[in-house]
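Enquirer: As input, take my_file00.csv (CSV, C-alpha atoms and all ligand atoms):
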```
chain,number,residue,atom,x,y,z
U,967,MET,CA,0.0,0.0,0.0
U,968,SER,CA,1.4,3.5,-0.8
U,969,GLY,CA,0.0,6.9,0.0
U,970,VAL,CA,0.4,8.9,3.2
U,971,LEU,CA,1.3,7.3,6.5
U,972,ALA,CA,0.9,9.4,9.7
U,973,ILE,CA,3.0,8.1,12.6
U,974,LEU,CA,1.3,9.4,15.7
U,975,GLU,CA,1.7,9.5,19.5
U,976,ALA,CA,-0.7,8.5,22.2
U,977,ARG,CA,0.0,8.9,25.9
U,978,ASP,CA,-2.1,8.0,29.0
U,979,GLY,CA,-4.9,6.6,26.9
U,980,ALA,CA,-5.4,9.7,24.7
U,981,TRP,CA,-4.0,10.9,21.4
U,982,HIS,CA,-1.5,13.7,21.7
U,983,ARG,CA,-3.1,16.9,20.4
U,984,THR,CA,-0.5,17.4,17.8
U,985,SER,CA,-1.1,13.9,16.6
U,986,LEU,CA,-4.7,14.8,15.8
U,987,GLU,CA,-3.4,17.8,13.9
U,988,THR,CA,-1.0,15.6,12.0
U,989,ALA,CA,-3.8,13.2,11.2
U,990,ALA,CA,-5.7,16.1,9.7
U,991,ALA,CA,-2.6,17.1,7.7
U,992,ALA,CA,-2.2,13.5,6.4
U,993,LYS,CA,-5.9,13.4,5.4
U,994,LYS,CA,-5.5,16.7,3.5
U,995,LEU,CA,-2.3,15.7,1.8
U,996,ALA,CA,-3.7,12.3,0.8
U,997,ALA,CA,-6.8,14.0,-0.7
U,998,ALA,CA,-4.5,16.4,-2.7
U,999,LEU,CA,-2.5,13.4,-4.0
U,1000,ASN,CA,-5.6,11.3,-4.5
U,1001,ALA,CA,-3.9,8.6,-2.5
U,1002,PRO,CA,-4.8,6.4,0.5
U,1003,VAL,CA,-4.0,7.5,4.1
U,1004,SER,CA,-3.1,5.2,7.0
U,1005,ALA,CA,-1.9,5.9,10.5
U,1006,ALA,CA,0.4,4.1,13.0
U,1007,VAL,CA,0.9,4.3,16.7
U,1008,ILE,CA,3.3,2.5,19.0
U,1009,GLY,CA,1.2,0.7,21.5
U,1010,GLU,CA,-2.6,0.9,21.5
U,1011,ALA,CA,-4.8,3.3,19.6
U,1012,PRO,CA,-6.6,5.0,22.4
U,1013,SER,CA,-9.8,5.9,20.4
U,1014,PRO,CA,-10.9,6.0,16.8
U,1015,LEU,CA,-8.8,8.4,15.0
U,1016,GLY,CA,-10.4,11.4,13.3
U,1017,GLY,CA,-10.6,11.3,9.6
U,1018,GLY,CA,-11.0,7.6,9.5
U,1019,PRO,CA,-7.8,6.6,7.8
U,1020,ASP,CA,-8.0,3.5,5.6
U,1021,ARG,CA,-6.1,1.6,8.3
U,1022,VAL,CA,-4.5,2.1,11.7
U,1023,TRP,CA,-1.4,0.1,12.5
U,1024,THR,CA,-0.8,-0.6,16.2
U,1025,VAL,CA,2.9,-1.4,16.6
U,1026,ARG,CA,3.4,-3.7,19.6
U,1027,HIS,CA,6.4,-5.3,21.3
U,1028,ASP,CA,7.6,-5.5,24.9
U,1029,LEU,CA,10.7,-3.6,24.0
U,1030,LEU,CA,8.4,-0.6,22.9
U,1031,LEU,CA,6.7,-0.3,26.3
U,1032,ARG,CA,9.1,2.5,27.2
U,1033,TYR,CA,10.5,4.9,24.7
U,1034,THR,CA,14.0,4.4,23.3
U,1035,SER,CA,15.2,5.9,20.1
U,1036,ASP,CA,16.9,2.6,19.0
U,1037,ALA,CA,13.8,0.4,19.4
U,1038,PHE,CA,11.3,3.0,18.0
U,1039,THR,CA,13.5,3.5,14.9
U,1040,ALA,CA,14.0,-0.2,14.3
U,1041,ALA,CA,10.2,-0.9,14.8
U,1042,LEU,CA,9.1,2.0,12.6
U,1043,GLU,CA,11.7,1.1,9.9
U,1044,GLN,CA,10.1,-2.3,9.6
U,1045,LEU,CA,6.6,-0.8,9.6
U,1046,VAL,CA,7.5,1.7,6.8
U,1047,HIS,CA,8.8,-1.2,4.7
U,1048,ARG,CA,5.6,-3.1,5.3
U,1049,ALA,CA,3.2,-0.1,4.7
U,1050,SER,CA,5.4,1.2,1.8
U,1051,PRO,CA,4.1,4.8,1.9
U,1052,ASP,CA,5.1,7.6,-0.4
U,1053,VAL,CA,5.0,10.1,2.4
U,1054,VAL,CA,5.4,9.7,6.2
U,1055,LEU,CA,4.1,12.6,8.4
U,1056,LEU,CA,4.8,12.9,12.1
U,1057,PRO,CA,3.9,15.5,14.7
U,1058,HIS,CA,7.0,17.6,15.6
U,1059,THR,CA,7.1,16.5,19.2
U,1060,TYR,CA,10.2,16.1,21.4
U,1061,GLN,CA,10.1,12.3,20.8
U,1062,VAL,CA,9.8,12.7,17.1
U,1063,ARG,CA,12.7,15.1,17.0
U,1064,ASP,CA,14.7,12.4,18.8
U,1065,PHE,CA,14.1,9.4,16.5
U,1066,ALA,CA,12.7,10.7,13.2
U,1067,PRO,CA,15.9,12.0,11.7
U,1068,LYS,CA,17.5,8.6,12.2
U,1069,LEU,CA,14.4,6.8,10.8
U,1070,ALA,CA,14.5,9.0,7.6
U,1071,THR,CA,18.2,8.4,7.2
U,1072,ARG,CA,17.5,4.6,7.1
U,1073,PHE,CA,15.7,5.3,3.9
U,1074,GLY,CA,18.3,7.6,2.5
U,1075,GLN,CA,16.2,10.6,3.3
U,1076,THR,CA,16.4,13.7,5.4
U,1077,LEU,CA,13.6,14.6,7.7
U,1078,ILE,CA,11.9,17.8,6.6
U,1079,SER,CA,11.2,19.1,10.0
U,1080,ASP,CA,8.7,21.4,11.6
U,1081,CYS,CA,6.6,22.1,8.5
U,1082,THR,CA,3.8,24.6,8.7
U,1083,GLY,CA,2.1,23.6,5.5
U,1084,PHE,CA,2.4,22.0,2.1
U,1085,ARG,CA,0.9,22.2,-1.4
U,1086,VAL,CA,0.8,19.8,-4.3
U,1087,GLU,CA,2.0,21.0,-7.7
U,1088,ASN,CA,1.7,18.6,-10.6
U,1089,GLN,CA,1.5,15.7,-8.2
U,1090,ALA,CA,4.8,16.8,-6.5
U,1091,ILE,CA,4.6,17.9,-2.8
U,1092,VAL,CA,6.2,21.2,-1.7
U,1093,PHE,CA,6.6,21.5,2.0
U,1094,VAL,CA,6.7,24.9,3.7
U,1095,ARG,CA,9.1,25.6,6.6
U,1096,GLN,CA,9.8,28.7,8.5
U,1097,LEU,CA,13.4,30.1,8.8
U,1098,PHE,CA,15.0,32.8,11.0
U,1099,GLN,CA,12.4,32.7,13.7
U,1100,GLY,CA,9.5,32.8,11.2
U,1101,LYS,CA,10.9,35.8,9.2
U,1102,LEU,CA,11.1,33.7,6.0
U,1103,SER,CA,9.1,30.9,4.6
U,1104,ALA,CA,11.0,28.3,2.6
U,1105,ASP,CA,9.6,25.9,0.0
U,1106,VAL,CA,11.2,22.4,0.3
U,1107,ARG,CA,10.9,20.0,-2.6
U,1108,PRO,CA,11.8,16.5,-1.5
U,1109,SER,CA,14.0,14.6,-3.9
U,1110,GLY,CA,15.5,11.1,-4.3
U,1111,PRO,CA,13.9,7.7,-4.1
U,1112,GLY,CA,12.2,6.3,-1.1
U,1113,PRO,CA,9.4,7.7,1.1
U,1114,VAL,CA,9.5,11.4,2.1
U,1115,PHE,CA,9.6,12.1,5.8
U,1116,ALA,CA,8.2,15.4,7.2
U,1117,SER,CA,7.2,16.5,10.7
U,1118,ILE,CA,4.3,19.0,11.3
U,1119,GLN,CA,4.6,22.0,13.5
U,1120,ALA,CA,2.1,22.2,16.4
U,1121,GLY,CA,-0.9,24.4,15.6
U,1122,SER,CA,-0.4,24.3,11.8
U,1123,PHE,CA,-3.5,22.2,11.2
U,1124,ARG,CA,-6.8,22.0,13.0
U,1125,ALA,CA,-7.5,18.7,14.7
U,1126,GLU,CA,-11.2,19.1,14.0
U,1127,GLU,CA,-10.5,19.1,10.3
U,1128,ALA,CA,-9.7,15.4,10.4
U,1129,GLY,CA,-13.4,14.8,10.9
U,1130,ALA,CA,-14.7,11.6,12.4
U,1131,GLY,CA,-14.6,8.0,11.3
U,1132,GLU,CA,-13.7,4.5,12.3
U,1133,SER,CA,-10.8,2.6,10.8
U,1134,PRO,CA,-9.8,-1.0,10.8
U,1135,ILE,CA,-6.9,-1.7,13.2
U,1136,GLU,CA,-4.1,-4.0,12.2
U,1137,ILE,CA,-1.5,-5.1,14.8
U,1138,PHE,CA,2.1,-5.0,13.6
U,1139,THR,CA,4.7,-6.9,15.6
U,1140,PRO,CA,8.3,-5.9,14.7
U,1141,GLU,CA,11.3,-8.1,15.3
U,1142,LEU,CA,13.4,-6.4,17.9
U,1143,ASP,CA,16.6,-7.5,19.6
U,1144,ALA,CA,17.2,-6.2,23.1
U,1145,SER,CA,21.0,-6.2,22.6
U,1146,THR,CA,20.7,-3.5,19.9
U,1147,ILE,CA,19.0,-1.1,22.3
U,1148,ARG,CA,21.8,1.1,23.7
U,1149,THR,CA,19.8,3.2,26.2
U,1150,THR,CA,18.0,2.2,29.4
U,1151,PRO,CA,14.8,4.3,29.8
U,1152,GLY,CA,14.2,5.9,33.1
U,1153,GLU,CA,10.8,6.9,34.6
U,1154,PRO,CA,8.7,8.8,32.1
U,1155,PHE,CA,8.6,12.5,32.7
U,1156,ARG,CA,5.3,13.6,34.2
U,1157,GLU,CA,4.1,17.2,34.0
U,1158,SER,CA,2.6,18.5,37.2
U,1159,ALA,CA,-1.2,18.6,37.2
U,1160,ARG,CA,-2.4,21.8,35.7
U,1161,ALA,CA,-4.9,23.9,37.6
U,1162,VAL,CA,-5.7,25.9,34.6
U,1163,ASP,CA,-6.7,24.2,31.3
U,1164,LEU,CA,-6.3,27.0,28.8
U,1165,THR,CA,-7.1,24.6,26.0
U,1166,ALA,CA,-10.7,24.4,27.1
U,1167,ALA,CA,-11.2,28.2,27.0
U,1168,ASP,CA,-13.4,29.9,24.3
U,1169,ILE,CA,-11.8,33.3,24.8
U,1170,ILE,CA,-8.2,34.0,26.0
U,1171,VAL,CA,-6.8,37.4,26.8
U,1172,SER,CA,-3.0,37.1,26.7
U,1173,VAL,CA,-0.5,39.6,28.1
U,1174,GLY,CA,3.1,40.2,27.1
U,1175,ARG,CA,6.1,42.3,28.1
U,1176,GLY,CA,4.4,45.4,26.8
U,1177,ILE,CA,2.6,45.5,30.2
U,1178,ARG,CA,5.9,46.7,31.7
U,1179,GLU,CA,5.1,45.9,35.4
U,1180,ARG,CA,3.4,43.3,37.4
U,1181,GLU,CA,1.0,45.8,38.9
U,1182,ASN,CA,-0.3,46.7,35.4
U,1183,ILE,CA,-1.6,43.1,34.8
U,1184,ALA,CA,-4.8,44.1,36.6
U,1185,ILE,CA,-5.7,46.2,33.5
U,1186,VAL,CA,-5.6,43.2,31.3
U,1187,GLU,CA,-7.3,41.0,33.9
U,1188,GLU,CA,-10.2,43.4,33.9
U,1189,LEU,CA,-10.6,42.8,30.1
U,1190,ALA,CA,-10.5,39.1,30.7
U,1191,GLN,CA,-13.2,39.4,33.4
U,1192,ALA,CA,-15.4,41.6,31.2
U,1193,LEU,CA,-15.2,39.0,28.4
U,1194,GLY,CA,-15.5,36.0,30.6
U,1195,ALA,CA,-12.1,34.9,29.3
U,1196,GLU,CA,-9.1,33.1,30.7
U,1197,LEU,CA,-6.0,35.1,31.3
U,1198,ALA,CA,-2.8,33.9,29.6
U,1199,ALA,CA,0.7,35.2,29.0
U,1200,SER,CA,3.9,35.1,26.9
U,1201,ARG,CA,6.9,33.5,28.5
U,1202,PRO,CA,8.7,36.6,29.9
U,1203,ILE,CA,5.6,37.3,32.1
U,1204,CYS,CA,5.7,33.8,33.5
U,1205,ASP,CA,9.5,33.7,33.8
U,1206,ASN,CA,9.2,36.9,35.9
U,1207,GLY,CA,6.7,35.1,38.1
U,1208,TRP,CA,4.0,37.7,37.4
U,1209,LEU,CA,1.6,34.9,36.3
U,1210,PRO,CA,1.9,31.2,37.0
U,1211,MET,CA,3.7,29.0,34.4
U,1212,GLU,CA,0.5,27.1,33.6
U,1213,ARG,CA,-0.8,30.3,32.0
U,1214,GLN,CA,2.1,30.4,29.5
U,1215,VAL,CA,1.2,30.0,25.8
U,1216,GLY,CA,3.8,28.9,23.3
U,1217,SER,CA,6.3,26.2,22.4
U,1218,SER,CA,7.3,25.7,26.0
U,1219,GLY,CA,3.8,26.4,27.4
U,1220,GLN,CA,0.3,25.4,26.3
U,1221,THR,CA,-1.0,25.2,22.7
U,1222,VAL,CA,-4.4,26.8,22.5
U,1223,ALA,CA,-7.0,27.2,19.8
U,1224,PRO,CA,-9.8,29.3,21.3
U,1225,LYS,CA,-12.6,31.1,19.4
U,1226,LEU,CA,-11.0,34.4,20.2
U,1227,TYR,CA,-7.4,35.2,21.3
U,1228,ILE,CA,-6.5,38.7,22.3
U,1229,ALA,CA,-2.8,39.4,22.4
U,1230,VAL,CA,-1.9,42.5,24.4
U,1231,GLY,CA,1.6,43.8,24.2
U,1232,ILE,CA,3.0,40.6,22.7
U,1233,SER,CA,5.5,40.9,19.9
U,1234,GLY,CA,4.7,37.6,18.1
U,1235,ALA,CA,7.9,35.6,18.4
U,1236,ILE,CA,7.7,32.3,16.7
U,1237,GLN,CA,7.8,30.4,20.0
U,1238,HIS,CA,4.6,32.3,21.1
U,1239,LEU,CA,2.9,32.0,17.7
U,1240,VAL,CA,3.1,28.2,17.6
U,1241,GLY,CA,1.0,28.1,20.7
U,1242,MET,CA,-1.8,30.3,19.5
U,1243,LYS,CA,-2.0,30.7,15.8
U,1244,GLY,CA,-4.6,28.0,15.5
U,1245,SER,CA,-7.1,30.3,17.2
U,1246,ARG,CA,-10.2,31.0,15.2
U,1247,ALA,CA,-9.9,34.8,15.5
U,1248,ILE,CA,-6.8,36.7,16.7
U,1249,VAL,CA,-6.9,40.3,17.9
U,1250,ALA,CA,-3.6,42.0,18.5
U,1251,ILE,CA,-3.0,45.2,20.4
U,1252,ASN,CA,0.5,46.5,20.0
U,1253,LYS,CA,2.0,50.0,19.8
U,1254,ASP,CA,4.5,48.9,17.1
U,1255,PRO,CA,2.6,48.6,13.8
U,1256,ASP,CA,5.4,46.4,12.4
U,1257,ALA,CA,5.2,43.8,15.2
U,1258,PRO,CA,5.1,40.3,13.8
U,1259,ILE,CA,1.9,39.5,15.8
U,1260,PHE,CA,0.0,41.6,13.2
U,1261,GLU,CA,1.0,39.0,10.5
U,1262,VAL,CA,-1.2,36.4,12.2
U,1263,ALA,CA,-3.9,38.8,13.5
U,1264,ASP,CA,-7.3,38.9,12.0
U,1265,TYR,CA,-7.9,42.3,13.7
U,1266,GLY,CA,-5.1,44.6,14.7
U,1267,ILE,CA,-5.1,47.7,16.9
U,1268,ALA,CA,-1.8,49.6,16.6
U,1269,GLY,CA,-1.9,51.6,19.8
U,1270,ASP,CA,-0.9,52.0,23.4
U,1271,LEU,CA,-2.4,49.2,25.4
U,1272,PHE,CA,-2.8,51.5,28.4
U,1273,GLU,CA,-5.3,53.5,26.4
U,1274,VAL,CA,-6.8,50.7,24.2
U,1275,VAL,CA,-7.5,48.1,26.9
U,1276,PRO,CA,-9.5,50.4,29.3
U,1277,ALA,CA,-11.5,51.7,26.4
U,1278,LEU,CA,-12.2,48.1,25.3
U,1279,VAL,CA,-13.3,47.1,28.9
U,1280,GLU,CA,-15.7,50.0,28.9
U,1281,ALA,CA,-17.1,49.1,25.4
U,1282,VAL,CA,-17.5,45.4,26.4
U,1283,ARG,CA,-19.3,46.4,29.6
U,1284,LYS,CA,-21.6,48.7,27.8
U,1285,ALA,CA,-22.4,46.1,25.1
U,1286,ARG,CA,-23.1,43.5,27.8
U,1287,GLY,CA,-25.3,45.9,29.7
Z,1,LIG,C1,13.5,27.6,23.6
Z,1,LIG,C2,12.6,28.8,23.7
Z,1,LIG,C3,11.2,28.6,24.1
Z,1,LIG,C4,10.4,29.7,24.2
Z,1,LIG,N1,9.1,29.4,24.6
Z,1,LIG,C5,8.2,30.4,24.6
Z,1,LIG,C6,6.8,30.2,24.9
Z,1,LIG,O1,6.4,29.1,25.2
Z,1,LIG,N2,6.0,31.3,24.9
Z,1,LIG,C7,6.4,32.5,24.7
Z,1,LIG,O2,5.6,33.5,24.7
Z,1,LIG,N3,7.7,32.8,24.4
Z,1,LIG,C8,8.6,31.8,24.4
Z,1,LIG,N4,9.9,32.0,24.1
Z,1,LIG,C9,10.4,33.4,24.1
Z,1,LIG,C10,10.1,34.1,22.8
Z,1,LIG,O3,11.2,34.0,22.0
Z,1,LIG,C11,10.0,35.7,23.1
Z,1,LIG,O4,11.1,36.2,23.7
Z,1,LIG,C12,8.7,36.0,23.9
Z,1,LIG,O5,7.6,35.4,23.3
Z,1,LIG,C13,8.5,37.5,23.8
Z,1,LIG,O6,7.5,37.9,24.7
Z,1,LIG,P1,6.7,39.2,24.5
Z,1,LIG,O7,6.1,39.3,23.1
Z,1,LIG,O8,5.8,39.3,25.7
Z,1,LIG,O9,7.8,40.3,24.7
Z,1,LIG,P2,8.5,41.3,23.7
Z,1,LIG,O10,9.1,40.5,22.5
Z,1,LIG,O11,9.5,42.1,24.5
Z,1,LIG,O12,7.4,42.2,23.1
Z,1,LIG,C14,6.7,43.1,23.8
Z,1,LIG,C15,5.7,43.8,22.8
Z,1,LIG,O13,5.0,44.8,23.5
Z,1,LIG,C16,4.8,45.9,22.7
Z,1,LIG,N5,4.5,47.0,23.6
Z,1,LIG,C17,5.4,47.7,24.4
Z,1,LIG,N6,4.7,48.6,25.1
Z,1,LIG,C18,3.4,48.6,24.6
Z,1,LIG,C19,2.3,49.4,24.9
Z,1,LIG,N7,2.3,50.4,25.8
Z,1,LIG,N8,1.2,49.2,24.2
Z,1,LIG,C20,1.1,48.2,23.3
Z,1,LIG,N9,2.2,47.4,23.0
Z,1,LIG,C21,3.3,47.6,23.6
Z,1,LIG,C22,6.1,46.1,21.9
Z,1,LIG,O14,5.9,46.8,20.7
Z,1,LIG,C23,6.5,44.6,21.7
Z,1,LIG,O15,6.0,44.1,20.4
Z,1,LIG,C24,10.8,31.0,24.0
Z,1,LIG,C25,12.1,31.2,23.6
Z,1,LIG,C26,13.0,30.1,23.5
Z,1,LIG,C27,14.4,30.4,23.1
```
Would you mind writing the file out in structure tokens?

Expert:
Amino acid sequence: MSGVLAILEARDGAWHRTSLETAAAAKKLAAALNAPVSAAVIGEAPSPLGGGPDRVWTVRHDLLLRYTSDAFTAALEQLVHRASPDVVLLPHTYQVRDFAPKLATRFGQTLISDCTGFRVENQAIVFVRQLFQGKLSADVRPSGPGPVFASIQAGSFRAEEAGAGESPIEIFTPELDASTIRTTPGEPFRESARAVDLTAADIIVSVGRGIRERENIAIVEELAQALGAELAASRPICDNGWLPMERQVGSSGQTVAPKLYIAVGISGAIQHLVGMKGSRAIVAINKDPDAPIFEVADYGIAGDLFEVVPALVEAVRKARG
């Protein structure tokens, strides 16, 4: 079978969010190529996968119960030979960053990493990657024989776009030799339980360094309250201890996709954008009209937040009666 194979991650009985986004990307790419789509996961498939791929491979072996780059690479190499896809898509997670370059090399390929999109031109795929902190977009045309390997940046596709559907599950048992696994896995890293789940919020008001001082956060908090929104922040705000870490949005914080994201005094560094650009509507308030946040914003207010935010609070209160 050829087509597109999405190699996904599941943890603690649930699909990793970026895996659902990658499943959506795989479905879209397969449709553009008019090719079949399949998915694979190491271990169990926790629930039916959105988009209903033609098949879901569950790759099982005792030596895969804990992650090691050697065992995962060897197992997935065998699976890719078996499934024989033209394209392999993976979510750009820490784990994928660890093993996928090695996996691609086994097929004489280089991993095209952290892609934000793709298009199909005359049946050839062109992947899009960002360079220099998102200042440039590069087109990457894969070449050479063998399957193409690409990882997908978090937030680049919408998990909901995969749609619903059931898929037949096929168990794949690779042949693995314990003596070839060079690392001994320790206890899996566990994130501390989060008191705030920003991913469930419909509206998020997010504050950045433009706020200048801790005391000023109250101004933005008022806007969040008026809108019934969750308060979030860019990294410097959390690094300073002005808001708790669990309210940080971005590559080292939470990835959110609310209906409305209001960025207040946030410049729009790529590490922030990856955590929020999947939001349905983005409003940016920034006094610098050239701030990169305006490139992803649906509505932009180029102005001083200390004037704009109180005016917005008043307008929202008036509108809500
Ligand atoms: C490995 C790594 C991981 C990272 N992870 C994250 C992450 O998860 N999340 C994250 O956010 N960042 C992350 N960062 C940091 C990121 O690179 C940026 O430094 C950070 O996002 C900048 O935050 P900011 O936009 O609040 O601040 P700044 O870049 O300083 O921007 C402040 C903005 O406020 C505007 N401003 C100033 N005064 C006003 C005013 N009165 N009214 C209106 N606007 C005003 C300015 O024009 C400016 O655009 C990471 C960096 C690295 C290296």

Enquirer: List every protein, DNA or RNA residue that has at least one atom no more than 9 Å from (4.8, 25.7, 3.8) in the file's coordinates, counting all atoms listed in the file, and write the result as a PyMOL selection string.

Expert: chain U and resi 1081-1085+1092-1096+1103-1106

Enquirer: Find the residues around Gln1220 (chain U) up to 9 Å (all atoms listed in the file counted), leave out those fewer than 3 positions away in its own chain, and share them as a PyMOL selection string.

Expert: chain U and resi 1163-1165+1212-1217+1241-1242

Enquirer: Would you kindly return, as a CSV table (one decimal) with C-alpha atoms, in the frame of the given file, each protein, DNA or RNA residue with an atom no farther than 10 Å from any atom of Lys1101 (chain U), considering all atoms listed in the file and excluding same-chain residues fewer than 5 positions away?

Expert:
```csv
chain,number,residue,atom,x,y,z
U,1096,GLN,CA,9.8,28.7,8.5
U,1235,ALA,CA,7.9,35.6,18.4
U,1236,ILE,CA,7.7,32.3,16.7
U,1258,PRO,CA,5.1,40.3,13.8
```

Enquirer: Show me as a PDB file with C-alpha atoms, in the coordinates of the input the residues that reach within 12 Å of (3.8, 32.7, 34.8), counting all atoms listed in the file and using the file's own coordinates.

Expert:
```pdb
ATOM      1  CA  VAL U1162      -5.700  25.900  34.600  1.00  0.00           C
ATOM      2  CA  SER U1172      -3.000  37.100  26.700  1.00  0.00           C
ATOM      3  CA  VAL U1173      -0.500  39.600  28.100  1.00  0.00           C
ATOM      4  CA  GLY U1174       3.100  40.200  27.100  1.00  0.00           C
ATOM      5  CA  ARG U1175       6.100  42.300  28.100  1.00  0.00           C
ATOM      6  CA  ARG U1180       3.400  43.300  37.400  1.00  0.00           C
ATOM      7  CA  ILE U1183      -1.600  43.100  34.800  1.00  0.00           C
ATOM      8  CA  LEU U1197      -6.000  35.100  31.300  1.00  0.00           C
ATOM      9  CA  ALA U1198      -2.800  33.900  29.600  1.00  0.00           C
ATOM     10  CA  ALA U1199       0.700  35.200  29.000  1.00  0.00           C
ATOM     11  CA  SER U1200       3.900  35.100  26.900  1.00  0.00           C
ATOM     12  CA  ARG U1201       6.900  33.500  28.500  1.00  0.00           C
ATOM     13  CA  PRO U1202       8.700  36.600  29.900  1.00  0.00           C
ATOM     14  CA  ILE U1203       5.600  37.300  32.100  1.00  0.00           C
ATOM     15  CA  CYS U1204       5.700  33.800  33.500  1.00  0.00           C
ATOM     16  CA  ASP U1205       9.500  33.700  33.800  1.00  0.00           C
ATOM     17  CA  ASN U1206       9.200  36.900  35.900  1.00  0.00           C
ATOM     18  CA  GLY U1207       6.700  35.100  38.100  1.00  0.00           C
ATOM     19  CA  TRP U1208       4.000  37.700  37.400  1.00  0.00           C
ATOM     20  CA  LEU U1209       1.600  34.900  36.300  1.00  0.00           C
ATOM     21  CA  PRO U1210       1.900  31.200  37.000  1.00  0.00           C
ATOM     22  CA  MET U1211       3.700  29.000  34.400  1.00  0.00           C
ATOM     23  CA  GLU U1212       0.500  27.100  33.600  1.00  0.00           C
ATOM     24  CA  ARG U1213      -0.800  30.300  32.000  1.00  0.00           C
ATOM     25  CA  GLN U1214       2.100  30.400  29.500  1.00  0.00           C
ATOM     26  CA  VAL U1215       1.200  30.000  25.800  1.00  0.00           C
ATOM     27  CA  SER U1218       7.300  25.700  26.000  1.00  0.00           C
ATOM     28  CA  GLY U1219       3.800  26.400  27.400  1.00  0.00           C
ATOM     29  CA  GLN U1220       0.300  25.400  26.300  1.00  0.00           C
TER      30      GLN U1220
END
```

Enquirer: Can you pull out the residues contacting region 1042-1046 of chain U? Cut-off 9 Å, using only C-alpha atoms, and skip same-chain residues under 5 positions away; I want them as a ChimeraX atom specification.

Expert: /U:971,973,1006,1008,1023,1025,1037,1051,1054,1069-1070,1072-1073,1113,1138-1141

Enquirer: Separation of atom C1 of ligand LIG 1 (chain Z) and CA of Glu1187 (chain U), in Å?

Expert: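 CA of Glu1187 (chain U) lies 26.8 Å from atom C1 of ligand LIG 1 (chain Z).
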
Enquirer: What does the distance between CA of Leu974 (chain U) and CA of Gly1112 (chain U) come to in Å, to one decimal place?

Expert: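 Interatomic distance here is 20.3 Å.
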
Enquirer: As an exercise, work out the distance from atom N6 of ligand LIG 1 (chain Z) to CA of Ile1170 (chain U) in Å and give it to one decimal place.

Expert: 19.5 Å

Enquirer: Which residues are near Arg1124 (chain U)? Cut-off 7 Å, all atoms listed in the file, ignore same chain within fewer than 3 positions. Put them as a PyMOL selection string.

Expert: chain U and resi 987+990+1121+1127+1244
